[in-house]
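Heads up, input04.pdb below (PDB, C-alpha atoms):
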```pdb
MODEL        1
ATOM      1  CA  MET A  19      94.844 110.715 107.402
ATOM      2  CA  ILE A  20      95.802 107.490 105.619
ATOM      3  CA  PHE A  21      98.079 106.499 108.464
ATOM      4  CA  TYR A  22      95.271 106.227 111.001
ATOM      5  CA  GLY A  23      93.021 104.565 108.456
ATOM      6  CA  VAL A  24      95.621 101.820 108.091
ATOM      7  CA  THR A  25      96.227 101.584 111.839
ATOM      8  CA  VAL A  26      92.529 101.253 112.629
ATOM      9  CA  LEU A  27      92.015  98.742 109.813
ATOM     10  CA  LEU A  28      94.882  96.561 111.042
ATOM     11  CA  LEU A  29      93.638  96.835 114.586
ATOM     12  CA  LEU A  30      90.164  95.679 113.505
ATOM     13  CA  ILE A  31      91.567  92.777 111.474
ATOM     14  CA  SER A  32      93.746  91.787 114.401
ATOM     15  CA  PHE A  33      90.784  92.033 116.765
ATOM     16  CA  GLY A  34      88.685  89.859 114.482
ATOM     17  CA  ALA A  35      91.449  87.275 114.245
ATOM     18  CA  ASN A  36      92.404  87.117 117.889
ATOM     19  CA  LYS A  37      90.937  89.268 120.612
ATOM     20  CA  ARG A  38      93.425  88.223 123.267
ATOM     21  CA  LYS A  39      96.465  88.936 121.105
ATOM     22  CA  THR A  40      95.090  92.352 120.166
ATOM     23  CA  VAL A  41      94.605  93.326 123.794
ATOM     24  CA  LYS A  42      98.163  92.176 124.407
ATOM     25  CA  ALA A  43      99.358  94.309 121.476
ATOM     26  CA  LEU A  44      97.677  97.368 122.972
ATOM     27  CA  LYS A  45      99.234  96.652 126.346
ATOM     28  CA  ILE A  46     102.664  96.355 124.728
ATOM     29  CA  ALA A  47     102.032  99.603 122.855
ATOM     30  CA  TRP A  48     101.183 101.394 126.074
ATOM     31  CA  LYS A  49     104.105  99.943 127.994
ATOM     32  CA  LYS A  50     106.607 100.829 125.281
ATOM     33  CA  PHE A  51     105.187 104.296 124.984
ATOM     34  CA  SER A  52     105.161 104.991 128.698
ATOM     35  CA  THR A  53     108.759 103.856 129.209
ATOM     36  CA  ILE A  54     110.063 106.241 126.560
ATOM     37  CA  ALA A  55     107.606 109.062 127.319
ATOM     38  CA  PRO A  56     109.947 110.993 129.677
ATOM     39  CA  ASN A  57     112.549 111.111 126.892
ATOM     40  CA  PHE A  58     109.911 112.437 124.541
ATOM     41  CA  ALA A  59     109.112 115.119 127.070
ATOM     42  CA  VAL A  60     112.762 116.161 127.227
ATOM     43  CA  MET A  61     112.860 116.260 123.449
ATOM     44  CA  LEU A  62     109.775 118.465 123.297
ATOM     45  CA  ILE A  63     111.289 120.867 125.792
ATOM     46  CA  LEU A  64     114.477 121.076 123.702
ATOM     47  CA  VAL A  65     112.476 121.486 120.500
ATOM     48  CA  SER A  66     110.403 124.315 121.913
ATOM     49  CA  ILE A  67     113.552 126.171 122.961
ATOM     50  CA  SER A  68     115.418 125.510 119.709
ATOM     51  CA  LEU A  69     112.444 126.728 117.677
ATOM     52  CA  PHE A  70     112.486 129.915 119.709
ATOM     53  CA  LEU A  71     116.218 130.423 119.240
ATOM     54  CA  MET A  72     116.029 129.595 115.538
ATOM     55  CA  PRO A  73     112.788 130.791 113.981
ATOM     56  CA  ASP A  74     112.367 130.764 110.186
ATOM     57  CA  ASP A  75     113.756 134.243 109.627
ATOM     58  CA  VAL A  76     116.931 133.507 111.588
ATOM     59  CA  ILE A  77     117.455 130.358 109.521
ATOM     60  CA  LYS A  78     116.820 132.368 106.361
ATOM     61  CA  HIS A  79     119.327 134.956 107.474
ATOM     62  CA  TYR A  80     122.106 132.467 108.183
ATOM     63  CA  LEU A  81     121.650 130.240 105.160
ATOM     64  CA  GLY A  82     121.871 133.268 102.908
ATOM     65  CA  GLU A  83     125.603 133.341 103.654
ATOM     66  CA  GLU A  84     127.622 134.426 100.603
ATOM     67  CA  ASP A  85     130.502 131.986 100.849
ATOM     68  CA  LEU A  86     129.518 128.506  99.697
ATOM     69  CA  ILE A  87     131.641 126.545 102.143
ATOM     70  CA  SER A  88     130.677 128.521 105.229
ATOM     71  CA  GLY A  89     127.080 128.480 103.971
ATOM     72  CA  MET A  90     127.239 124.690 103.907
ATOM     73  CA  GLY A  91     128.838 124.555 107.349
ATOM     74  CA  ILE A  92     126.203 126.789 108.884
ATOM     75  CA  ALA A  93     123.451 124.852 107.104
ATOM     76  CA  MET A  94     124.755 121.619 108.615
ATOM     77  CA  LEU A  95     124.924 123.151 112.062
ATOM     78  CA  VAL A  96     121.402 124.579 111.869
ATOM     79  CA  GLY A  97     120.057 121.350 110.366
ATOM     80  CA  SER A  98     121.592 119.309 113.176
ATOM     81  CA  ILE A  99     120.084 121.440 115.907
ATOM     82  CA  ALA A 100     116.686 122.193 114.432
ATOM     83  CA  LEU A 101     113.882 119.689 114.300
ATOM     84  CA  MET A 102     111.095 120.510 111.934
ATOM     85  CA  PRO A 103     108.663 118.414 109.972
ATOM     86  CA  GLY A 104     109.070 118.157 106.189
ATOM     87  CA  PHE A 105     105.933 120.140 105.536
ATOM     88  CA  ILE A 106     107.636 123.152 107.117
ATOM     89  CA  ALA A 107     111.219 122.505 106.030
ATOM     90  CA  PHE A 108     110.692 122.050 102.309
ATOM     91  CA  PRO A 109     108.459 125.066 101.714
ATOM     92  CA  LEU A 110     111.047 127.063 103.650
ATOM     93  CA  CYS A 111     113.772 125.684 101.372
ATOM     94  CA  GLY A 112     111.638 126.550  98.363
ATOM     95  CA  ILE A 113     111.540 130.168  99.539
ATOM     96  CA  LEU A 114     115.276 130.160 100.227
ATOM     97  CA  ARG A 115     115.940 128.747  96.782
ATOM     98  CA  ALA A 116     113.880 131.547  95.240
ATOM     99  CA  GLN A 117     116.048 134.008  97.193
ATOM    100  CA  GLY A 118     119.117 132.531  95.571
ATOM    101  CA  VAL A 119     120.433 130.214  98.282
ATOM    102  CA  PRO A 120     122.472 127.500  96.477
ATOM    103  CA  TYR A 121     121.131 123.959  96.182
ATOM    104  CA  MET A 122     124.279 122.733  97.886
ATOM    105  CA  VAL A 123     123.526 124.685 101.044
ATOM    106  CA  LEU A 124     119.880 123.613 101.039
ATOM    107  CA  SER A 125     120.885 120.007 100.558
ATOM    108  CA  ALA A 126     123.268 120.223 103.539
ATOM    109  CA  PHE A 127     120.441 121.719 105.564
ATOM    110  CA  THR A 128     117.722 119.197 104.676
ATOM    111  CA  THR A 129     119.973 116.144 104.933
ATOM    112  CA  THR A 130     121.271 117.038 108.399
ATOM    113  CA  LEU A 131     117.747 117.977 109.383
ATOM    114  CA  MET A 132     116.695 114.432 108.512
ATOM    115  CA  MET A 133     119.733 112.427 109.627
ATOM    116  CA  VAL A 134     121.235 114.303 112.542
ATOM    117  CA  GLY A 135     119.250 115.200 115.603
ATOM    118  CA  LEU A 136     120.581 117.017 118.603
ATOM    119  CA  VAL A 137     117.131 117.362 120.134
ATOM    120  CA  THR A 138     116.255 113.711 119.485
ATOM    121  CA  LEU A 139     119.387 112.600 121.379
ATOM    122  CA  PRO A 140     117.447 112.079 124.630
ATOM    123  CA  ILE A 141     115.389 109.443 122.806
ATOM    124  CA  GLU A 142     118.221 107.983 120.775
ATOM    125  CA  LYS A 143     120.513 107.504 123.734
ATOM    126  CA  ALA A 144     117.820 105.588 125.614
ATOM    127  CA  TYR A 145     118.076 102.862 122.966
ATOM    128  CA  PHE A 146     121.670 103.160 121.786
ATOM    129  CA  GLY A 147     123.601 104.652 124.664
ATOM    130  CA  ILE A 148     125.230 108.033 124.287
ATOM    131  CA  LYS A 149     128.439 106.904 122.575
ATOM    132  CA  THR A 150     126.777 104.972 119.777
ATOM    133  CA  ALA A 151     124.141 107.684 119.375
ATOM    134  CA  LEU A 152     126.815 110.349 118.913
ATOM    135  CA  PHE A 153     128.728 108.113 116.514
ATOM    136  CA  ARG A 154     125.597 107.535 114.419
ATOM    137  CA  ASN A 155     124.948 111.274 114.276
ATOM    138  CA  GLY A 156     128.552 111.842 113.263
ATOM    139  CA  ILE A 157     128.092 109.438 110.367
ATOM    140  CA  GLY A 158     124.966 111.399 109.437
ATOM    141  CA  LEU A 159     127.019 114.582 109.287
ATOM    142  CA  VAL A 160     129.578 113.000 106.974
ATOM    143  CA  ILE A 161     126.831 111.642 104.711
ATOM    144  CA  ALA A 162     125.164 115.062 104.614
ATOM    145  CA  MET A 163     128.434 116.682 103.620
ATOM    146  CA  ILE A 164     128.997 114.222 100.773
ATOM    147  CA  VAL A 165     125.404 114.624  99.582
ATOM    148  CA  ALA A 166     125.733 118.410  99.654
ATOM    149  CA  ILE A 167     129.003 118.450  97.733
ATOM    150  CA  ILE A 168     127.673 116.126  95.041
ATOM    151  CA  THR A 169     124.525 118.240  94.816
ATOM    152  CA  GLY A 170     126.759 121.268  94.327
ATOM    153  CA  LEU A 171     128.610 119.477  91.537
ATOM    154  CA  VAL A 172     125.451 118.317  89.787
ATOM    155  CA  PHE A 173     123.955 121.798  89.834
ATOM    156  CA  ALA A 174     127.319 123.229  88.742
ATOM    157  CA  GLU A 175     127.560 125.412  91.824
ATOM    158  CA  VAL A 176     130.922 123.868  92.551
ATOM    159  CA  VAL A 177     133.396 123.370  89.757
ATOM    160  CA  ILE A 178     136.424 121.179  90.139
TER     161      ILE A 178
ATOM    162  CA  MET B  24     119.176 109.568 139.052
ATOM    163  CA  LYS B  25     118.402 108.623 135.485
ATOM    164  CA  ALA B  26     114.647 108.783 135.890
ATOM    165  CA  LYS B  27     114.861 111.935 137.957
ATOM    166  CA  PHE B  28     116.453 114.115 135.297
ATOM    167  CA  PRO B  29     113.373 114.454 133.042
ATOM    168  CA  VAL B  30     111.212 115.153 136.086
ATOM    169  CA  ILE B  31     113.471 117.922 137.371
ATOM    170  CA  LEU B  32     113.840 119.424 133.904
ATOM    171  CA  ALA B  33     110.085 119.291 133.339
ATOM    172  CA  LEU B  34     109.467 120.966 136.689
ATOM    173  CA  ILE B  35     111.878 123.822 136.045
ATOM    174  CA  TYR B  36     110.462 124.195 132.562
ATOM    175  CA  ALA B  37     106.861 124.218 133.807
ATOM    176  CA  ILE B  38     107.676 126.828 136.440
ATOM    177  CA  PHE B  39     109.391 128.953 133.780
ATOM    178  CA  ILE B  40     106.389 128.728 131.456
ATOM    179  CA  VAL B  41     103.844 129.492 134.177
ATOM    180  CA  PHE B  42     105.997 132.377 135.355
ATOM    181  CA  SER B  43     106.206 133.701 131.774
ATOM    182  CA  LEU B  44     102.469 133.430 131.292
ATOM    183  CA  THR B  45     101.659 135.282 134.481
ATOM    184  CA  THR B  46     104.243 138.032 133.983
ATOM    185  CA  GLY B  47     103.781 138.219 130.218
ATOM    186  CA  TYR B  48     107.451 137.426 129.502
ATOM    187  CA  GLN B  49     107.417 137.152 125.704
ATOM    188  CA  PRO B  50     110.191 134.573 125.021
ATOM    189  CA  GLY B  51     108.689 132.254 127.618
ATOM    190  CA  LYS B  52     105.269 132.578 126.057
ATOM    191  CA  GLU B  53     106.672 131.787 122.624
ATOM    192  CA  ILE B  54     108.562 128.770 123.920
ATOM    193  CA  GLY B  55     105.386 127.592 125.623
ATOM    194  CA  SER B  56     103.360 127.883 122.456
ATOM    195  CA  ASN B  57     106.091 126.066 120.497
ATOM    196  CA  PHE B  58     105.907 123.285 123.051
ATOM    197  CA  LEU B  59     102.154 123.071 122.744
ATOM    198  CA  SER B  60     102.049 123.001 118.959
ATOM    199  CA  PHE B  61     104.842 120.446 118.685
ATOM    200  CA  THR B  62     103.319 118.256 121.374
ATOM    201  CA  LEU B  63     100.002 118.285 119.557
ATOM    202  CA  SER B  64     101.525 117.375 116.205
ATOM    203  CA  MET B  65     103.490 114.553 117.832
ATOM    204  CA  LEU B  66     100.485 113.251 119.699
ATOM    205  CA  LYS B  67      98.781 112.861 116.351
ATOM    206  CA  ILE B  68     101.437 110.398 115.253
ATOM    207  CA  LEU B  69     102.671 108.589 118.357
ATOM    208  CA  PRO B  70      99.570 106.609 119.428
ATOM    209  CA  GLY B  71      99.200 105.116 115.960
ATOM    210  CA  ALA B  72     102.910 104.374 115.694
ATOM    211  CA  PHE B  73     103.048 102.571 119.033
ATOM    212  CA  ILE B  74      99.867 100.609 118.291
ATOM    213  CA  LEU B  75     101.498  99.389 115.066
ATOM    214  CA  ILE B  76     104.623  98.446 117.020
ATOM    215  CA  GLY B  77     102.417  96.501 119.455
ATOM    216  CA  LEU B  78     100.673  94.670 116.621
ATOM    217  CA  PHE B  79     104.047  93.887 115.049
ATOM    218  CA  GLN B  80     105.204  92.490 118.370
ATOM    219  CA  VAL B  81     102.336  90.020 118.725
ATOM    220  CA  TRP B  82     101.767  89.020 115.105
ATOM    221  CA  VAL B  83     105.201  88.819 113.538
ATOM    222  CA  SER B  84     107.197  85.858 114.722
ATOM    223  CA  LYS B  85     110.802  86.065 115.778
ATOM    224  CA  GLU B  86     111.669  83.350 113.251
ATOM    225  CA  LYS B  87     110.293  85.425 110.396
ATOM    226  CA  VAL B  88     112.243  88.506 111.384
ATOM    227  CA  GLU B  89     115.409  86.499 111.923
ATOM    228  CA  LYS B  90     115.047  84.784 108.589
ATOM    229  CA  HIS B  91     114.563  87.977 106.595
ATOM    230  CA  LEU B  92     116.462  90.528 108.644
ATOM    231  CA  GLY B  93     118.669  88.450 110.936
ATOM    232  CA  GLU B  94     122.332  87.457 110.962
ATOM    233  CA  ASP B  95     122.068  85.088 108.014
ATOM    234  CA  SER B  96     119.744  87.197 105.916
ATOM    235  CA  SER B  97     120.767  88.290 102.437
ATOM    236  CA  PHE B  98     121.295  91.740 100.999
ATOM    237  CA  LEU B  99     117.539  91.756 100.360
ATOM    238  CA  SER B 100     117.119  92.604 104.045
ATOM    239  CA  PHE B 101     118.243  96.143 103.228
ATOM    240  CA  ILE B 102     115.534  96.400 100.578
ATOM    241  CA  TRP B 103     112.893  95.222 103.049
ATOM    242  CA  VAL B 104     113.825  97.806 105.649
ATOM    243  CA  MET B 105     114.002 100.485 102.981
ATOM    244  CA  LEU B 106     110.394  99.738 102.060
ATOM    245  CA  LEU B 107     109.433  99.682 105.714
ATOM    246  CA  ALA B 108     111.218 102.986 106.277
ATOM    247  CA  GLY B 109     109.501 104.497 103.240
ATOM    248  CA  THR B 110     106.185 104.128 104.999
ATOM    249  CA  THR B 111     107.415 105.370 108.377
ATOM    250  CA  VAL B 112     105.617 108.473 109.592
ATOM    251  CA  GLY B 113     106.980 111.289 111.705
ATOM    252  CA  GLY B 114     110.727 111.419 111.934
ATOM    253  CA  LEU B 115     113.683 109.954 113.769
ATOM    254  CA  TYR B 116     111.739 110.010 117.006
ATOM    255  CA  VAL B 117     109.388 107.362 115.602
ATOM    256  CA  ALA B 118     112.199 105.433 113.907
ATOM    257  CA  PHE B 119     114.025 104.660 117.176
ATOM    258  CA  PRO B 120     111.215 102.729 118.891
ATOM    259  CA  VAL B 121     110.536 100.880 115.632
ATOM    260  CA  ALA B 122     114.240 100.077 115.296
ATOM    261  CA  TRP B 123     114.235  98.686 118.805
ATOM    262  CA  ALA B 124     111.199  96.520 118.023
ATOM    263  CA  LEU B 125     113.049  95.107 114.993
ATOM    264  CA  TYR B 126     116.207  94.480 117.001
ATOM    265  CA  GLU B 127     114.263  92.784 119.783
ATOM    266  CA  LYS B 128     112.785  90.415 117.214
ATOM    267  CA  GLY B 129     116.190  89.403 115.930
ATOM    268  CA  ALA B 130     117.054  91.824 113.135
ATOM    269  CA  LYS B 131     120.802  92.288 112.816
ATOM    270  CA  ILE B 132     122.313  95.572 113.832
ATOM    271  CA  GLN B 133     123.418  96.509 110.294
ATOM    272  CA  VAL B 134     119.806  96.259 109.161
ATOM    273  CA  VAL B 135     118.542  98.178 112.190
ATOM    274  CA  LEU B 136     120.983 101.012 111.483
ATOM    275  CA  ALA B 137     120.032 101.000 107.817
ATOM    276  CA  TYR B 138     116.365 101.231 108.803
ATOM    277  CA  ILE B 139     117.073 104.369 110.833
ATOM    278  CA  GLY B 140     119.091 105.868 107.989
ATOM    279  CA  PHE B 141     116.377 105.113 105.463
ATOM    280  CA  ALA B 142     113.661 106.390 107.786
ATOM    281  CA  ALA B 143     115.603 109.639 107.832
ATOM    282  CA  VAL B 144     116.252 110.013 104.115
ATOM    283  CA  CYS B 145     113.545 108.156 102.212
ATOM    284  CA  ARG B 146     110.140 108.451 103.758
ATOM    285  CA  ILE B 147     107.770 108.517 100.809
ATOM    286  CA  PRO B 148     105.425 111.344 101.898
ATOM    287  CA  MET B 149     108.461 113.496 102.584
ATOM    288  CA  ILE B 150     110.035 112.704  99.201
ATOM    289  CA  ILE B 151     106.883 113.772  97.400
ATOM    290  CA  PHE B 152     106.849 116.983  99.356
ATOM    291  CA  GLU B 153     110.504 117.630  98.731
ATOM    292  CA  ALA B 154     110.297 116.998  94.988
ATOM    293  CA  SER B 155     107.371 119.358  94.629
ATOM    294  CA  PHE B 156     109.205 122.209  96.340
ATOM    295  CA  MET B 157     112.791 121.564  95.306
ATOM    296  CA  GLY B 158     112.400 119.841  91.954
ATOM    297  CA  VAL B 159     112.811 116.206  90.974
ATOM    298  CA  LYS B 160     116.483 116.614  90.110
ATOM    299  CA  PHE B 161     117.410 117.812  93.606
ATOM    300  CA  THR B 162     115.493 114.968  95.222
ATOM    301  CA  LEU B 163     116.965 112.345  92.896
ATOM    302  CA  VAL B 164     120.528 113.436  93.552
ATOM    303  CA  ARG B 165     119.922 113.363  97.278
ATOM    304  CA  LEU B 166     118.380 109.882  97.171
ATOM    305  CA  LEU B 167     120.913 108.383  94.764
ATOM    306  CA  VAL B 168     123.809 109.586  96.893
ATOM    307  CA  SER B 169     122.403 109.049 100.366
ATOM    308  CA  ILE B 170     120.900 105.570  99.929
ATOM    309  CA  PRO B 171     124.179 103.808  99.040
ATOM    310  CA  LEU B 172     125.954 105.781 101.767
ATOM    311  CA  VAL B 173     123.373 104.678 104.328
ATOM    312  CA  VAL B 174     123.862 101.042 103.311
ATOM    313  CA  ILE B 175     127.672 101.207 103.357
ATOM    314  CA  SER B 176     127.890 103.112 106.627
ATOM    315  CA  SER B 177     125.347 100.814 108.307
ATOM    316  CA  ILE B 178     127.297  97.730 107.301
ATOM    317  CA  LEU B 179     130.626  99.144 108.477
ATOM    318  CA  PHE B 180     129.309 100.680 111.682
ATOM    319  CA  GLY B 181     127.243  97.569 112.412
ATOM    320  CA  ARG B 182     130.304  95.350 112.024
ATOM    321  CA  TYR B 183     132.307  97.603 114.278
ATOM    322  CA  LEU B 184     129.597  97.536 116.950
ATOM    323  CA  LYS B 185     129.310  93.797 116.713
ATOM    324  CA  ALA B 186     133.059  93.361 117.001
ATOM    325  CA  SER B 187     133.024  95.460 120.154
ATOM    326  CA  LYS B 188     130.223  93.278 121.590
ATOM    327  CA  TRP B 189     127.865  96.222 121.693
ATOM    328  CA  GLN B 190     124.163  95.608 122.172
ATOM    329  CA  MET B 191     121.109  97.766 121.828
ATOM    330  CA  LYS B 192     119.274  98.098 125.105
ATOM    331  CA  SER B 193     115.729  98.401 126.275
ATOM    332  CA  PRO B 194     115.007 101.905 127.513
ATOM    333  CA  ASP B 195     114.366 101.713 131.235
TER     334      ASP B 195
ENDMDL
END
```
The structure given in the file should be rewritten as structure tokens.
Amino acid sequence: MIFYGVTVLLLLISFGANKRKTVKALKIAWKKFSTIAPNFAVMLILVSISLFLMPDDVIKHYLGEEDLISGMGIAMLVGSIALMPGFIAFPLCGILRAQGVPYMVLSAFTTTLMMVGLVTLPIEKAYFGIKTALFRNGIGLVIAMIVAIITGLVFAEVVI
Amino acid sequence: MKAKFPVILALIYAIFIVFSLTTGYQPGKEIGSNFLSFTLSMLKILPGAFILIGLFQVWVSKEKVEKHLGEDSSFLSFIWVMLLAGTTVGGLYVAFPVAWALYEKGAKIQVVLAYIGFAAVCRIPMIIFEASFMGVKFTLVRLLVSIPLVVISSILFGRYLKASKWQMKSPD
């Protein structure tokens, strides 16, 4: 993993440059992690339940909706609730695409998946407070809708 | 009260999982295995992410952050956080602690919001993955539309928050 290669390299450079500062950095890392850890735990609990309620085949079933507008709406709803890493989401979308699900619906799904997070709310509200967190997610929904509609236009799935 | 909620939830959850395992209740077992696999994949990312945040905290001066990302910084600040977001791993759950670290060091709220937006829509590993499954055209449309929208919405929302004297807070 490149990510850990970089982390370890930076840690070593930092250690070589200033041992005391590096120890302090690790202490800060631990403190920051441990303060937010309970929120992570809540998120994991929510994720595990949402994955159970919405496994791949359920998502497939719902996104296959005939009507474009309701397909987009459902995609946004599912994308907001689900939390899945890109390496699962995009192959899934690839399969859905092959089954004939419109790009517009898939775009609504992936964009909300990335921008809107119901299950990450426990973490987000710890930093932002619930009101601002909800507002930010609302903005994400609007952005996802615009992205989806433009995608639909570009791929000529929607004609004005 | 605030700190108690996760503890109570975790307890109920743990009892439910243990109960499911002993009685062989299938949904409970599935939820438990989801929890385990997601926890493992997150634990692969989180230690590294928080170590980088710690290093950022001790090595990058407040003046530097304020100059490039602070109140008087130029539009370039959005480019800087876009590049930073491009290299962010994980997902939103990593972006929030990073955003807080930036804010603490004096980045303005518009830039912090933009960072979160960018971390959602333009992480480089994710883009590569997306383009290979969905095609370059799909990915390009998504990026070209969402990036300007992230910038505009962050500026407007940031201004609104600032006008209402809102401040980001340390999680306690």
Hits of the ChimeraX specification (/B :<6) & /A in this structure, as a VMD selection string
chain A and resid 43 to 44 46 to 47 56 66 to 67 70 104 108 112 132 to 133 144 to 146 165
For CA of Leu81 in chain A and CA of Asn155 in chain A, determine how far apart the two atoms are, in Å to one decimal place.
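About the pair CA of Leu81 in chain A and CA of Asn155 in chain A: they are 21.3 Å apart.
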Return as lines of an AutoDock Vina configuration file the centre and edge lengths, in Å with one decimal, of the box along x, y and z that encloses every atom of range 83-91 of chain B in the file, padded by 8 Å per side.
```
center_x = 110.3
center_y = 86.1
center_z = 111.2
size_x = 26.2
size_y = 21.5
size_z = 25.2
```
Selected by the PyMOL selection byres ((chain B and resi 130) around 7) in the shown coordinates: which residues, as JSON, numbers by chain?
{"B": [88, 89, 92, 93, 125, 126, 128, 129, 131, 132, 134, 135]}
How many Å lie between CA of Arg182 in chain B and CA of Gln133 in chain B, rounded to one decimal?
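Separation of CA of Arg182 in chain B and CA of Gln133 in chain B: 7.2 Å.
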